[in-house]
Every structure is written in C-alpha cells, then in structure tokens.
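The file data-v2.cif contains mmCIF, C-alpha atoms:
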data_target
loop_
_atom_site.label_atom_id
_atom_site.label_comp_id
_atom_site.auth_asym_id
_atom_site.auth_seq_id
_atom_site.Cartn_x
_atom_site.Cartn_y
_atom_site.Cartn_z
CA MET F 1 -23.99 -1.59 6.08
CA THR F 2 -21.19 -4.12 6.04
CA GLN F 3 -19.22 -2.39 3.28
CA ASN F 4 -17.48 -0.24 5.90
CA ALA F 5 -16.18 -3.25 7.86
CA PRO F 6 -12.87 -3.72 5.98
CA ILE F 7 -12.24 0.03 6.18
CA LEU F 8 -12.92 0.04 9.92
CA SER F 9 -10.55 -2.89 10.33
CA ARG F 10 -7.77 -1.04 8.54
CA ARG F 11 -8.41 2.05 10.66
CA VAL F 12 -8.12 -0.05 13.80
CA ALA F 13 -4.79 -1.46 12.61
CA LYS F 14 -3.46 2.05 11.95
CA THR F 15 -4.70 3.22 15.36
CA LEU F 16 -2.95 0.36 17.16
CA ALA F 17 0.34 1.44 15.60
CA ILE F 18 0.19 4.79 17.36
CA LEU F 19 -1.01 3.63 20.80
CA PRO F 20 1.30 4.42 23.76
CA VAL F 21 4.17 1.96 23.92
CA ALA F 22 3.68 1.25 27.58
CA ALA F 23 0.07 0.22 26.98
CA LEU F 24 0.86 -2.37 24.32
CA LEU F 25 4.31 -3.80 25.09
CA ALA F 26 2.83 -5.97 27.80
CA ALA F 27 0.51 -7.56 25.23
CA CYS F 28 3.16 -8.41 22.66
CA ASP F 29 6.47 -10.17 23.16
CA GLY F 30 7.68 -9.89 19.53
CA PRO F 31 9.07 -6.90 17.61
CA LEU F 32 6.73 -4.29 16.23
CA ASP F 33 5.16 -4.97 12.83
CA TYR F 34 4.45 -1.58 11.25
CA ASP F 35 1.69 -2.94 9.01
CA LEU F 36 0.07 -5.07 11.78
CA ARG F 37 -0.08 -8.17 9.61
CA GLY F 38 1.59 -10.50 12.08
CA GLN F 39 4.95 -10.53 10.29
CA ILE F 40 8.16 -10.37 12.32
CA GLY F 41 10.56 -7.54 11.48
CA ALA F 42 10.19 -3.82 11.03
CA PHE F 43 9.76 -3.61 7.25
CA ASN F 44 9.50 -7.27 6.24
CA THR F 45 5.72 -7.29 5.81
CA THR F 46 5.53 -9.98 3.12
CA SER F 47 7.82 -12.45 1.44
CA ALA F 48 6.57 -11.28 -1.98
CA ALA F 49 8.10 -7.80 -1.63
CA LYS F 50 11.72 -8.87 -1.99
CA SER F 51 12.35 -8.35 -5.71
CA ALA F 52 15.33 -6.20 -6.60
CA THR F 53 14.44 -2.94 -8.33
CA SER F 54 16.40 -0.52 -10.47
CA ASP F 55 17.11 3.11 -9.56
CA ARG F 56 14.75 5.88 -10.56
CA PRO F 57 15.96 7.78 -13.67
CA ALA F 58 17.65 11.12 -13.02
CA PRO F 59 15.47 14.15 -13.87
CA ASP F 60 16.56 16.79 -16.38
CA ALA F 61 17.61 20.35 -15.51
CA ARG F 62 13.99 21.40 -14.87
CA GLY F 63 13.30 18.32 -12.73
CA LEU F 64 11.26 16.44 -15.37
CA ILE F 65 11.26 12.69 -15.97
CA THR F 66 9.54 12.00 -19.28
CA TYR F 67 7.99 8.68 -20.31
CA PRO F 68 6.12 7.94 -23.55
CA SER F 69 2.63 8.42 -22.02
CA TYR F 70 3.17 10.74 -19.04
CA GLN F 71 5.60 13.05 -17.22
CA VAL F 72 6.49 13.60 -13.56
CA ALA F 73 8.36 16.45 -11.89
CA VAL F 74 10.89 15.97 -9.07
CA ALA F 75 11.02 18.65 -6.37
CA GLN F 76 14.20 20.31 -5.13
CA ARG F 77 14.96 21.21 -1.52
CA GLY F 78 12.57 23.93 -0.26
CA ASP F 79 10.27 23.77 -3.31
CA THR F 80 6.54 24.37 -3.11
CA VAL F 81 4.04 23.05 -5.64
CA ALA F 82 3.95 26.53 -7.20
CA ASP F 83 7.77 26.59 -7.52
CA VAL F 84 7.79 23.29 -9.41
CA ALA F 85 4.89 24.36 -11.66
CA THR F 86 6.64 27.64 -12.53
CA ARG F 87 9.90 25.85 -13.34
CA ILE F 88 8.24 23.43 -15.79
CA GLY F 89 5.85 26.00 -17.29
CA LEU F 90 2.43 24.74 -16.13
CA PRO F 91 -0.24 26.56 -14.04
CA SER F 92 0.35 25.94 -10.35
CA GLY F 93 -3.36 25.50 -9.58
CA GLU F 94 -3.73 22.81 -12.23
CA VAL F 95 -0.70 20.86 -10.97
CA ALA F 96 -1.84 21.19 -7.34
CA ARG F 97 -5.40 19.97 -8.04
CA PHE F 98 -4.14 16.99 -10.04
CA ASN F 99 -2.05 15.86 -7.03
CA GLY F 100 -4.65 16.65 -4.35
CA MET F 101 -2.56 19.52 -2.89
CA GLN F 102 -2.46 23.31 -2.59
CA PRO F 103 -0.05 25.53 -4.58
CA GLY F 104 1.66 26.69 -1.39
CA ASP F 105 2.29 23.18 0.02
CA THR F 106 5.98 22.49 0.71
CA LEU F 107 7.55 19.42 -0.87
CA ARG F 108 10.38 17.16 0.28
CA LYS F 109 13.58 16.96 -1.74
CA GLY F 110 13.05 14.26 -4.36
CA GLU F 111 9.26 14.16 -3.95
CA VAL F 112 7.43 13.35 -7.18
CA LEU F 113 4.52 15.33 -8.64
CA ALA F 114 2.42 13.83 -11.44
CA LEU F 115 1.65 16.22 -14.30
CA PRO F 116 -1.87 16.54 -15.76
CA ARG F 117 -0.41 17.07 -19.25
CA ARG F 118 2.88 17.50 -21.05
CA ALA F 119 5.04 20.41 -19.91
CA PRO F 120 6.11 22.79 -22.71
CA ASP F 121 9.60 22.25 -24.08
CA ALA F 122 12.36 24.34 -22.54
CA PRO F 123 13.06 27.56 -24.54
CA VAL F 124 16.52 28.17 -26.01
CA THR F 125 18.63 30.38 -23.74
CA ALA F 126 20.24 33.43 -25.39
CA GLY F 127 23.90 32.91 -26.21
CA THR F 128 23.59 29.12 -26.51
CA ALA F 129 23.31 27.03 -29.63
CA GLN F 130 20.98 24.05 -29.72
CA PRO F 131 21.21 21.21 -32.26
CA GLY F 132 19.44 22.44 -35.38
CA GLY F 133 18.96 25.96 -33.91
CA VAL F 134 20.79 29.32 -34.12
CA ASP F 135 23.04 31.23 -31.68
CA ILE F 136 20.94 34.40 -31.29
CA ALA F 137 23.63 36.41 -29.49
CA SER F 138 26.25 35.67 -32.17
CA LEU F 139 23.92 36.68 -35.03
CA ALA F 140 22.98 39.92 -33.27
CA GLY F 141 26.65 40.81 -32.71
CA GLN F 142 27.54 40.14 -36.36
CA ALA F 143 24.64 42.29 -37.60
CA ILE F 144 25.74 45.23 -35.43
CA ASP F 145 29.39 44.94 -36.56
CA GLN F 146 28.51 44.78 -40.28
CA ALA F 147 25.87 47.54 -40.29
CA PRO F 148 27.05 50.98 -41.70
CA GLU F 149 26.96 54.00 -39.44
CA THR F 150 24.63 55.90 -41.82
CA SER F 151 22.33 54.67 -44.52
CA PRO F 152 23.88 55.18 -48.03
CA ASN F 153 20.52 55.96 -49.59
CA PRO F 154 18.19 57.76 -47.21
CA GLY F 155 14.67 56.49 -47.53
CA SER F 156 15.70 53.21 -49.11
CA VAL F 157 14.88 49.92 -47.48
CA THR F 158 17.66 47.49 -46.84
CA THR F 159 16.75 43.85 -46.83
CA THR F 160 18.71 41.26 -44.93
CA GLU F 161 18.70 37.54 -45.12
CA LEU F 162 16.23 36.00 -42.62
CA LYS F 163 17.76 33.46 -40.32
CA PRO F 164 15.83 30.48 -38.89
CA THR F 165 14.23 31.10 -35.48
CA PRO F 166 15.44 29.00 -32.56
CA ARG F 167 13.39 25.96 -31.67
CA PRO F 168 12.67 24.80 -28.11
CA ALA F 169 14.99 22.12 -26.87
CA PRO F 170 13.30 18.71 -27.22
CA THR F 171 12.56 16.85 -23.98
CA GLU F 172 14.42 13.57 -23.56
CA VAL F 173 12.08 10.56 -23.31
CA GLN F 174 13.18 7.65 -21.10
CA ASP F 175 14.05 4.41 -22.86
CA GLY F 176 12.96 0.96 -21.68
CA PRO F 177 9.76 -0.04 -19.90
CA GLU F 178 7.45 2.60 -18.46
CA PRO F 179 6.65 2.39 -14.70
CA VAL F 180 3.07 1.97 -13.58
CA ARG F 181 1.60 5.20 -12.15
CA HIS F 182 -0.64 4.24 -9.18
CA LYS F 183 -3.23 6.64 -7.74
CA VAL F 184 -3.68 6.20 -3.97
CA VAL F 185 -7.23 5.52 -2.77
CA ARG F 186 -8.60 5.80 0.75
CA GLY F 187 -7.37 3.10 3.13
CA GLU F 188 -4.19 2.25 1.21
CA THR F 189 -0.73 2.44 2.77
CA ALA F 190 2.76 2.25 1.33
CA TYR F 191 2.95 -1.32 2.65
CA THR F 192 -0.25 -2.52 0.98
CA ILE F 193 0.82 -0.94 -2.33
CA SER F 194 4.28 -2.55 -2.10
CA ARG F 195 2.63 -5.94 -1.57
CA LEU F 196 0.20 -5.32 -4.43
CA TYR F 197 3.04 -4.76 -6.92
CA GLN F 198 5.56 -7.05 -5.14
CA VAL F 199 8.22 -4.37 -4.72
CA PRO F 200 10.11 -3.41 -1.53
CA VAL F 201 8.49 -0.57 0.41
CA LYS F 202 11.93 1.08 0.72
CA ALA F 203 12.26 1.21 -3.09
CA LEU F 204 8.74 2.64 -3.34
CA ALA F 205 9.77 5.41 -0.91
CA GLU F 206 13.02 6.18 -2.77
CA TRP F 207 11.29 6.41 -6.16
CA ASN F 208 8.64 8.82 -4.86
CA GLY F 209 10.55 10.82 -2.23
CA LEU F 210 8.43 9.61 0.69
CA GLY F 211 9.31 10.56 4.26
CA SER F 212 10.78 8.26 6.88
CA ASP F 213 7.27 7.33 8.07
CA PHE F 214 6.29 6.21 4.54
CA SER F 215 3.08 8.27 4.77
CA ILE F 216 1.02 8.79 1.63
CA ARG F 217 -2.18 10.75 0.95
CA GLU F 218 -5.41 10.01 -0.87
CA GLY F 219 -5.21 11.14 -4.52
CA GLN F 220 -1.39 11.00 -4.62
CA TYR F 221 0.25 9.44 -7.68
CA LEU F 222 3.08 6.95 -6.99
CA LEU F 223 5.62 5.57 -9.46
CA ILE F 224 5.95 1.81 -9.05
CA PRO F 225 9.67 0.88 -9.18
CA LEU F 226 10.80 -1.18 -12.14
CA LYS F 227 12.25 -4.61 -11.50
CA ASP F 228 16.02 -4.83 -11.97
CA GLN F 229 16.75 -6.35 -15.38
CA SER F 230 20.54 -6.27 -15.01
CA ALA F 231 20.87 -9.80 -13.56
CA PRO F 232 22.28 -12.15 -16.23
CA ALA F 233 19.96 -14.87 -17.41
CA GLN F 234 20.88 -18.38 -16.33
CA PRO F 235 21.90 -20.57 -19.28
CA ALA F 236 19.39 -23.25 -20.05
CA ALA F 237 20.51 -26.72 -19.09
CA ASP F 238 20.94 -29.27 -21.85
CA THR F 239 17.86 -31.46 -21.98
CA THR F 240 17.06 -34.66 -23.83
CA LEU F 241 13.83 -35.91 -25.25
CA PRO F 242 11.67 -38.03 -22.95
CA GLY F 243 12.82 -41.65 -23.00
CA ALA F 244 16.04 -40.96 -24.88
CA GLY F 245 18.97 -43.03 -23.62
CA SER F 246 16.86 -45.46 -21.59
CA ALA F 247 15.95 -49.01 -22.46
CA THR F 248 12.38 -49.72 -23.49
CA PRO F 249 10.74 -52.06 -20.95
CA THR F 250 9.43 -55.36 -22.20
CA PRO F 251 5.62 -55.30 -22.27
CA PRO F 252 3.71 -58.10 -20.53
CA SER F 253 3.23 -61.05 -22.82
CA ALA F 254 -0.13 -62.74 -23.17
CA THR F 255 1.61 -66.04 -24.05
CA LYS F 256 2.94 -66.47 -20.53
CA PRO F 257 0.23 -67.58 -18.10
CA LEU F 258 -0.03 -65.88 -14.78
CA PRO F 259 1.11 -67.90 -11.75
CA ASP F 260 -1.54 -69.63 -9.71
CA GLU F 261 -2.70 -67.62 -6.76
CA ASP F 262 -3.23 -69.18 -3.38
CA ILE F 263 -6.30 -67.32 -2.18
CA ALA F 264 -7.07 -67.75 1.46
CA PRO F 265 -10.70 -68.22 2.44
CA ALA F 266 -12.52 -65.17 3.67
CA ALA F 267 -12.30 -64.65 7.39
CA GLU F 268 -15.38 -65.08 9.44
CA GLU F 269 -17.35 -61.94 10.11
CA VAL F 270 -16.37 -60.38 13.40
CA ALA F 271 -19.14 -59.06 15.58
CA PRO F 272 -18.95 -55.30 16.00
CA LEU F 273 -17.71 -53.98 19.29
CA PRO F 274 -20.23 -52.29 21.54
CA LYS F 275 -20.46 -48.55 20.97
CA VAL F 276 -19.70 -46.40 23.97
CA GLU F 277 -21.42 -43.03 24.12
CA VAL F 278 -18.88 -40.39 25.16
CA PRO F 279 -20.28 -36.91 25.83
CA GLU F 280 -18.65 -34.05 23.97
CA PRO F 281 -16.31 -31.97 26.11
CA THR F 282 -17.86 -28.76 27.34
CA ARG F 283 -16.04 -25.45 27.28
CA LYS F 284 -15.27 -23.79 30.58
CA ASN F 285 -17.29 -20.66 31.07
CA ASP F 286 -14.32 -18.84 32.55
CA ALA F 287 -12.30 -19.46 29.34
CA ALA F 288 -14.94 -17.94 27.03
CA MET F 289 -15.89 -14.33 26.42
CA ALA F 290 -19.32 -12.78 26.57
CA TYR F 291 -20.89 -11.15 23.54
CA PRO F 292 -20.16 -7.40 23.74
CA LEU F 293 -23.55 -6.48 22.18
CA GLN F 294 -26.94 -8.14 21.95
CA GLY F 295 -27.63 -8.30 18.24
CA LYS F 296 -27.11 -10.14 14.97
CA ILE F 297 -23.71 -10.89 13.41
CA ILE F 298 -23.78 -9.27 9.98
CA SER F 299 -20.14 -9.77 8.98
CA THR F 300 -17.81 -12.58 10.00
CA TYR F 301 -14.02 -12.69 10.40
CA SER F 302 -11.92 -12.76 7.22
CA LYS F 303 -8.13 -12.57 7.58
CA GLY F 304 -6.76 -9.56 5.70
CA ARG F 305 -10.23 -8.19 4.83
CA ASN F 306 -12.24 -8.00 8.05
CA GLU F 307 -10.07 -8.47 11.15
CA GLY F 308 -13.07 -9.03 13.43
CA ILE F 309 -16.85 -9.44 13.39
CA ASP F 310 -19.63 -6.86 13.00
CA ILE F 311 -22.69 -7.07 15.26
CA ALA F 312 -25.79 -5.04 14.38
CA GLY F 313 -27.87 -3.67 17.22
CA ALA F 314 -30.26 -0.96 18.28
CA PRO F 315 -28.77 2.56 18.38
CA GLY F 316 -27.89 3.44 21.95
CA ALA F 317 -27.71 -0.20 23.08
CA ALA F 318 -25.17 -1.01 25.80
CA VAL F 319 -21.71 -2.19 24.66
CA MET F 320 -20.18 -4.47 27.32
CA ALA F 321 -16.66 -5.70 28.07
CA ALA F 322 -16.26 -9.22 26.70
CA ASP F 323 -14.08 -10.25 29.63
CA ALA F 324 -12.37 -8.83 32.70
CA GLY F 325 -9.34 -6.68 32.02
CA THR F 326 -7.84 -3.19 31.96
CA VAL F 327 -8.70 -0.36 29.56
CA ALA F 328 -5.42 -0.01 27.62
CA ALA F 329 -6.44 2.88 25.35
CA ILE F 330 -9.32 5.05 24.24
CA THR F 331 -8.71 6.78 20.91
CA LYS F 332 -10.29 7.70 17.56
CA ASP F 333 -9.63 6.90 13.93
CA SER F 334 -9.19 9.45 11.14
CA LYS F 335 -12.97 10.03 11.01
CA ASN F 336 -13.25 10.62 14.78
CA ILE F 337 -14.93 7.25 15.36
CA PRO F 338 -14.12 6.17 18.95
CA ILE F 339 -12.13 2.98 19.64
CA ILE F 340 -11.78 1.22 23.01
CA VAL F 341 -8.93 -1.27 23.61
CA VAL F 342 -9.11 -3.63 26.62
CA ARG F 343 -6.14 -5.79 27.68
CA HIS F 344 -6.94 -9.11 29.40
CA SER F 345 -4.91 -11.30 31.75
CA ASN F 346 -4.32 -13.98 29.11
CA LYS F 347 -2.43 -11.42 26.95
CA LEU F 348 -5.39 -10.96 24.61
CA LEU F 349 -6.66 -7.59 23.40
CA THR F 350 -10.29 -6.84 22.58
CA LEU F 351 -11.28 -3.84 20.44
CA TYR F 352 -14.67 -2.09 20.37
CA VAL F 353 -15.19 0.27 17.39
CA ASN F 354 -18.12 2.51 16.40
CA VAL F 355 -19.25 3.40 19.94
CA THR F 356 -20.30 6.56 21.78
CA ASP F 357 -20.99 7.73 25.35
CA ILE F 358 -17.89 5.96 26.69
CA SER F 359 -18.27 5.38 30.45
CA VAL F 360 -14.71 4.21 31.23
CA LYS F 361 -11.30 5.80 30.97
CA LYS F 362 -7.78 4.57 30.30
CA GLY F 363 -6.42 2.47 33.17
CA ASP F 364 -9.84 1.46 34.55
CA LYS F 365 -10.41 -2.15 35.62
CA VAL F 366 -13.48 -3.68 33.96
CA THR F 367 -15.37 -6.90 34.66
CA ARG F 368 -16.96 -9.37 32.29
CA GLY F 369 -20.27 -7.94 31.00
CA GLN F 370 -19.68 -4.45 32.42
CA PRO F 371 -21.17 -1.67 30.21
CA ILE F 372 -18.35 0.49 28.81
CA ALA F 373 -20.11 2.48 26.06
CA LYS F 374 -23.19 2.68 23.82
CA LEU F 375 -23.76 1.89 20.15
CA ARG F 376 -23.64 4.85 17.77
CA ASP F 377 -26.78 6.12 16.02
CA GLY F 378 -27.33 6.30 12.26
CA ASP F 379 -27.03 3.87 9.36
CA ASP F 380 -23.79 2.46 10.79
CA ALA F 381 -25.42 1.16 13.98
CA PHE F 382 -23.19 -1.87 14.35
CA LEU F 383 -20.27 -2.77 16.60
CA HIS F 384 -16.95 -3.82 15.07
CA PHE F 385 -15.40 -6.26 17.61
CA GLU F 386 -11.88 -7.73 17.36
CA VAL F 387 -9.78 -10.17 19.38
CA ARG F 388 -6.01 -9.85 18.99
CA ASN F 389 -3.03 -11.74 20.35
CA GLY F 390 -0.60 -8.86 20.40
CA TYR F 391 -0.82 -7.54 16.83
CA GLU F 392 -2.12 -10.80 15.32
CA SER F 393 -5.87 -10.74 14.72
CA LEU F 394 -7.89 -13.83 15.73
CA ASP F 395 -11.37 -15.08 14.87
CA PRO F 396 -13.54 -13.82 17.76
CA LEU F 397 -16.26 -16.50 17.42
CA PRO F 398 -14.29 -19.35 19.12
CA TYR F 399 -13.80 -17.04 22.11
CA LEU F 400 -17.47 -16.14 22.52
CA ASN F 401 -20.17 -18.19 24.33
#
As structure tokens, the full file:
Amino acid sequence: MTQNAPILSRRVAKTLAILPVAALLAACDGPLDYDLRGQIGAFNTTSAAKSATSDRPAPDARGLITYPSYQVAVAQRGDTVADVATRIGLPSGEVARFNGMQPGDTLRKGEVLALPRRAPDAPVTAGTAQPGGVDIASLAGQAIDQAPETSPNPGSVTTTELKPTPRPAPTEVQDGPEPVRHKVVRGETAYTISRLYQVPVKALAEWNGLGSDFSIREGQYLLIPLKDQSAPAQPAADTTLPGAGSATPTPPSATKPLPDEDIAPAAEEVAPLPKVEVPEPTRKNDAAMAYPLQGKIISTYSKGRNEGIDIAGAPGAAVMAADAGTVAAITKDSKNIPIIVVRHSNKLLTLYVNVTDISVKKGDKVTRGQPIAKLRDGDDAFLHFEVRNGYESLDPLPYLN
C-alpha cells in the first residue's frame, strides 16, 4: 500500500508547479524552484549538475548519429515519426513503437529518436562515385557511345566485361566515448535525470531537442551528454617522500630519569547539589495542527522520497482540515486523483491527496477540524498529508498533536 507514496509525493510536487500564481505567491517569498526541491534559482536544482559538457555530434545527411552499439535519428523541422523512418529506411511503425509514439506524431527540430536496430546503409546515388564503387552514369554513357548501330553478326552473342556493382556508402561511426542512452520511466523529470547523471538540465535538453518546458514522456530514450574532455589537465605538483628534508626527532631516552612530580592530594568529595525537578515545557495547542484523518501512520516523512506522511483509514472516513486557513487550490494529478491545498496564516501550506467527495471549494475559509472531503475507496485507502513552507516540504509530525 505504501509503495505509491513516493509517486504521490512527486505528483503533488508537479501539481504545485502549475497552481495559479496568485494562490501561491503569498505563501512563498523566494523565487520559483521548477523542481520543488527547495533550491533557489530557476534551473539551479542541485550543485552536482554543474559539469561542463561537450556538444552533441552533428548528424549525417539522413539525420543519423551512429555509435558502436546503437544509432539515433535527429528530426528536421516539420518532420513526423514516419518522415524520419522513411528517410533512414526503417518501418515507421517499428520506430514509433520503440519510442512510445505514433507514426503521425510531429517532432521538434533537433528532437532525437532512438532506433530499434541499425538503419540500412545509404544507397549510392546515380551519377556519383563512392570510394571503392563505380560511377554508374559514366559507365552507361560509355557503353552507349561504343556500341555499334547494328550487330555485325546477327544472332551472335556479344559479351562485355562485367563491372563491379556499387556498394552502399558506409555509415560513419562516432569516435570517442559512447553516451549513455537512458529510458524514461514513470515519475521521472528532466531535472531528476540531470541530477542522476550530474549533467546540466540545459545540456540534456540541447542533446535531445527538448522543448522550453523540458517535458519528457514515459518510454522516451534520452542521450546523456558527455562530459567536456577538452580542459587541459593540471600538471602534477612536485612531491617529496614523507620525511625527506626534515630532521629526525630524538627519541626519548630511558637513561634520563623523569622529573619528580608534585602531585597534589585529592580534593575532598563535594556533596552533590540538590536536584530540582523542572517540568518539561508543554506545546501550545494553538500552535499545533490536528490530525487530518483518524487512522494509523503507515509511511513517515523522508526528504526526497516521501514528502509527507501516509495515514491509513476506513474508506469514506472524514478528512478534516489540520488547521484554520483558506482553500488555495483544488486540482488533480495525472491520474485524476484529487488534491486539496490549504494556506494557513503562518505561511504554511497543507496538502491532502487521495480524497473524494470534496465539500469545499477554492477560496473557502476553513476551521481547524472541519471536514473537507472523504477518504477514497479501494486498496489505496490512505491519505497522503504534507506540510510545506512555500515549496519546501517539512516533516508533518512535529506540527501534529
């Protein structure tokens, strides 16, 4: 049941990114973080993704980039998947299925398609000579010029010297290291993949022809940019062996007695001070939140994996507002699972995911403990509850009674 919690958390983060600006600006004073990881800056999602990368190799005339173990095709402006498949000589349906697309889907200029197998070599064009091949047009013209108008011996067979047939032009294979080809799985974004391979998300977009929103699809193959190897290596500093050039210290000698020590007598034992019982400070009830659902916590907060807690309960049980506030948004994730966002006076946001029968609407004022929805039926009868300070997720347990 708890396996869906990290996926729900990622869906919530994606949903927050598309909420109306007016509903969220009041809850966040810093600039927008597109990946909702608490980093400051539009595309600076992690300090690891700062390595310089090299440019993607230029494709050949048919749009192919060939590596030792695989090939990719680069789309031109206005191409569909079928156009690219026809140009490289592979069935359009096969190429489309391999990339999770349809043959009629339109591609962006520079977008990359992974190929299920090697494309056939380009045929020799008539009138052109390839290395090791034959100029077909020239040979045909010479044969016509040298042939007699009538056969000297009717009925006889004239034999001519057979010329070698033209060979397809070999495909150029890229030198150097081969980029990793990553297949996108559900829940991944361009930002998470750039952090995984420690490459800038902008370079990932340029290598794969992504749009300005950096959107990717499940089943898509992405080329991971190669690190730039052009930077000159720093010369190694001259080093010396350990201890070289330093004087060897004189070891302690057993022939010299140690000086007498003047040891003071032990101080008298001091009676312990009386222990004062101080009661532990109690938390103010008005500073804590109420549990949004009566049930058992089945998954706790884990930064980066589960951005909240999961509370199991009976299907149809009442889901209540954890504290007084205003309903900032009511939306759904990609699987039409409802999400309620409530903004509180202390600039905190609470999120309620996996609910149904919502009884409030955007802009409504809610009180602490007020029912706002019911828990969904089925195997996933649990509430995913988050507390956020702007876009930064917080552990909800310290805020609950």
Translate the PyMOL selection byres ((chain F and resi 334-350) around 7), as applied to the file shown, into an explicit residue set as number ranges by chain.
F: 27, 324-333, 351-356, 386-390
Could you expand the PyMOL selection byres ((chain F and resi 296) around 8) into the explicit residues it covers here, written as a PyMOL selection string?
chain F and resi 294-295+297-298+311-313
Write out as a ChimeraX atom specification each polymer residue whose atoms come within 10 Å of Gly369 in chain F, counting all atoms listed in the file; drop sequence neighbours fewer than 3 positions from it.
/F:289-293,318-324,366,372
Run the PyMOL selection byres ((chain F and resi 185) around 12) against the file shown and list the residues it catches, as a ChimeraX atom specification.
/F:7,100,182-184,186-190,192-193,216-222
Take the residues just selected and output them with C-alpha atoms as a CSV table (one decimal), keeping the file's coordinate frame.
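Heads up, here's the output in result19.csv:
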chain,number,residue,atom,x,y,z
F,7,ILE,CA,-12.2,0.0,6.2
F,100,GLY,CA,-4.6,16.6,-4.4
F,182,HIS,CA,-0.6,4.2,-9.2
F,183,LYS,CA,-3.2,6.6,-7.7
F,184,VAL,CA,-3.7,6.2,-4.0
F,186,ARG,CA,-8.6,5.8,0.8
F,187,GLY,CA,-7.4,3.1,3.1
F,188,GLU,CA,-4.2,2.2,1.2
F,189,THR,CA,-0.7,2.4,2.8
F,190,ALA,CA,2.8,2.2,1.3
F,192,THR,CA,-0.2,-2.5,1.0
F,193,ILE,CA,0.8,-0.9,-2.3
F,216,ILE,CA,1.0,8.8,1.6
F,217,ARG,CA,-2.2,10.8,1.0
F,218,GLU,CA,-5.4,10.0,-0.9
F,219,GLY,CA,-5.2,11.1,-4.5
F,220,GLN,CA,-1.4,11.0,-4.6
F,221,TYR,CA,0.2,9.4,-7.7
F,222,LEU,CA,3.1,7.0,-7.0
For the atom pair CA of Pro116 in chain F and CA of Glu94 in chain F, what is the interatomic distance in Å to one decimal place?
7.4 Å
May I have the residues within 12 Å of Asp175 in chain F as JSON, numbers by chain, using all atoms listed in the file and disregarding those fewer than 5 positions away in the same chain?
{"F": [57, 65, 66, 67, 68]}
Just to be explicit: take each residue in the selection above, keep C-alpha atoms, and write the result as a compact mmCIF listing (two decimals), keeping the file's coordinate frame.
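In the end it all went to selection26.txt:
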# COMPACT_ATOMS: atom_id res chain seq x y z
CA PRO F 57 15.96 7.78 -13.67
CA ILE F 65 11.26 12.69 -15.97
CA THR F 66 9.54 12.00 -19.28
CA TYR F 67 7.99 8.68 -20.31
CA PRO F 68 6.12 7.94 -23.55
Quick one: residues within 8 Å of range 104-108 of chain F, all atoms listed in the file, excluding same-chain residues fewer than 3 positions away - as a PyMOL selection string?
chain F and resi 75-82+101+111+209-211
Written selection (C-alpha atoms) as a PDB file, in the frame of the given file:
ATOM      1  CA  ALA F  75      11.020  18.650  -6.370  1.00  0.00           C
ATOM      2  CA  GLN F  76      14.200  20.310  -5.130  1.00  0.00           C
ATOM      3  CA  ARG F  77      14.960  21.210  -1.520  1.00  0.00           C
ATOM      4  CA  GLY F  78      12.570  23.930  -0.260  1.00  0.00           C
ATOM      5  CA  ASP F  79      10.270  23.770  -3.310  1.00  0.00           C
ATOM      6  CA  THR F  80       6.540  24.370  -3.110  1.00  0.00           C
ATOM      7  CA  VAL F  81       4.040  23.050  -5.640  1.00  0.00           C
ATOM      8  CA  ALA F  82       3.950  26.530  -7.200  1.00  0.00           C
ATOM      9  CA  MET F 101      -2.560  19.520  -2.890  1.00  0.00           C
ATOM     10  CA  GLU F 111       9.260  14.160  -3.950  1.00  0.00           C
ATOM     11  CA  GLY F 209      10.550  10.820  -2.230  1.00  0.00           C
ATOM     12  CA  LEU F 210       8.430   9.610   0.690  1.00  0.00           C
ATOM     13  CA  GLY F 211       9.310  10.560   4.260  1.00  0.00           C
TER      14      GLY F 211
END
Could you tell me how far CA of Trp207 in chain F lies from CA of Ala73 in chain F, in Å and to one decimal?
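Taking CA of Trp207 in chain F as the start and CA of Ala73 in chain F as the end point, the length is 11.9 Å.
CA of Arg62 in chain F is positioned 26.0 Å from CA of Ser215 in chain F.
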Nearest-residue call for Pro371 in chain F, choices F:Leu397, F:Leu196, F:Gly316, F:Val201, using all atoms listed in the file:
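Of F:Leu397, F:Leu196, F:Gly316, F:Val201, the one nearest Pro371 in chain F is F:Gly316, counting all atoms listed in the file.
When the distance limit is 12 Å and only C-alpha atoms are what count, the residues near Thr171 in chain F, minus those fewer than 3 positions from it on the same chain, are Pro59, Asp60, Ala61, Arg62, Gly63, Leu64, Ile65, Thr66, Tyr67, Pro68, Gln71, Ile88, Arg118, Ala119, Pro120, Asp121, Ala122, Pro123, Arg167, Pro168 and Gln174 of chain F.
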Calculated over all atoms listed in the file, which of the candidates F:Leu400, F:Ala205, F:Ala381, F:Ala247 has the smallest distance to Arg368 in chain F?
F:Leu400
Have a look at F:Pro315, F:Gly304, F:Gly363, F:Pro200 and name the one nearest to Ser393 in chain F; count only C-alpha atoms.
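Counting only C-alpha atoms, the residue closest to Ser393 in chain F is F:Gly304.
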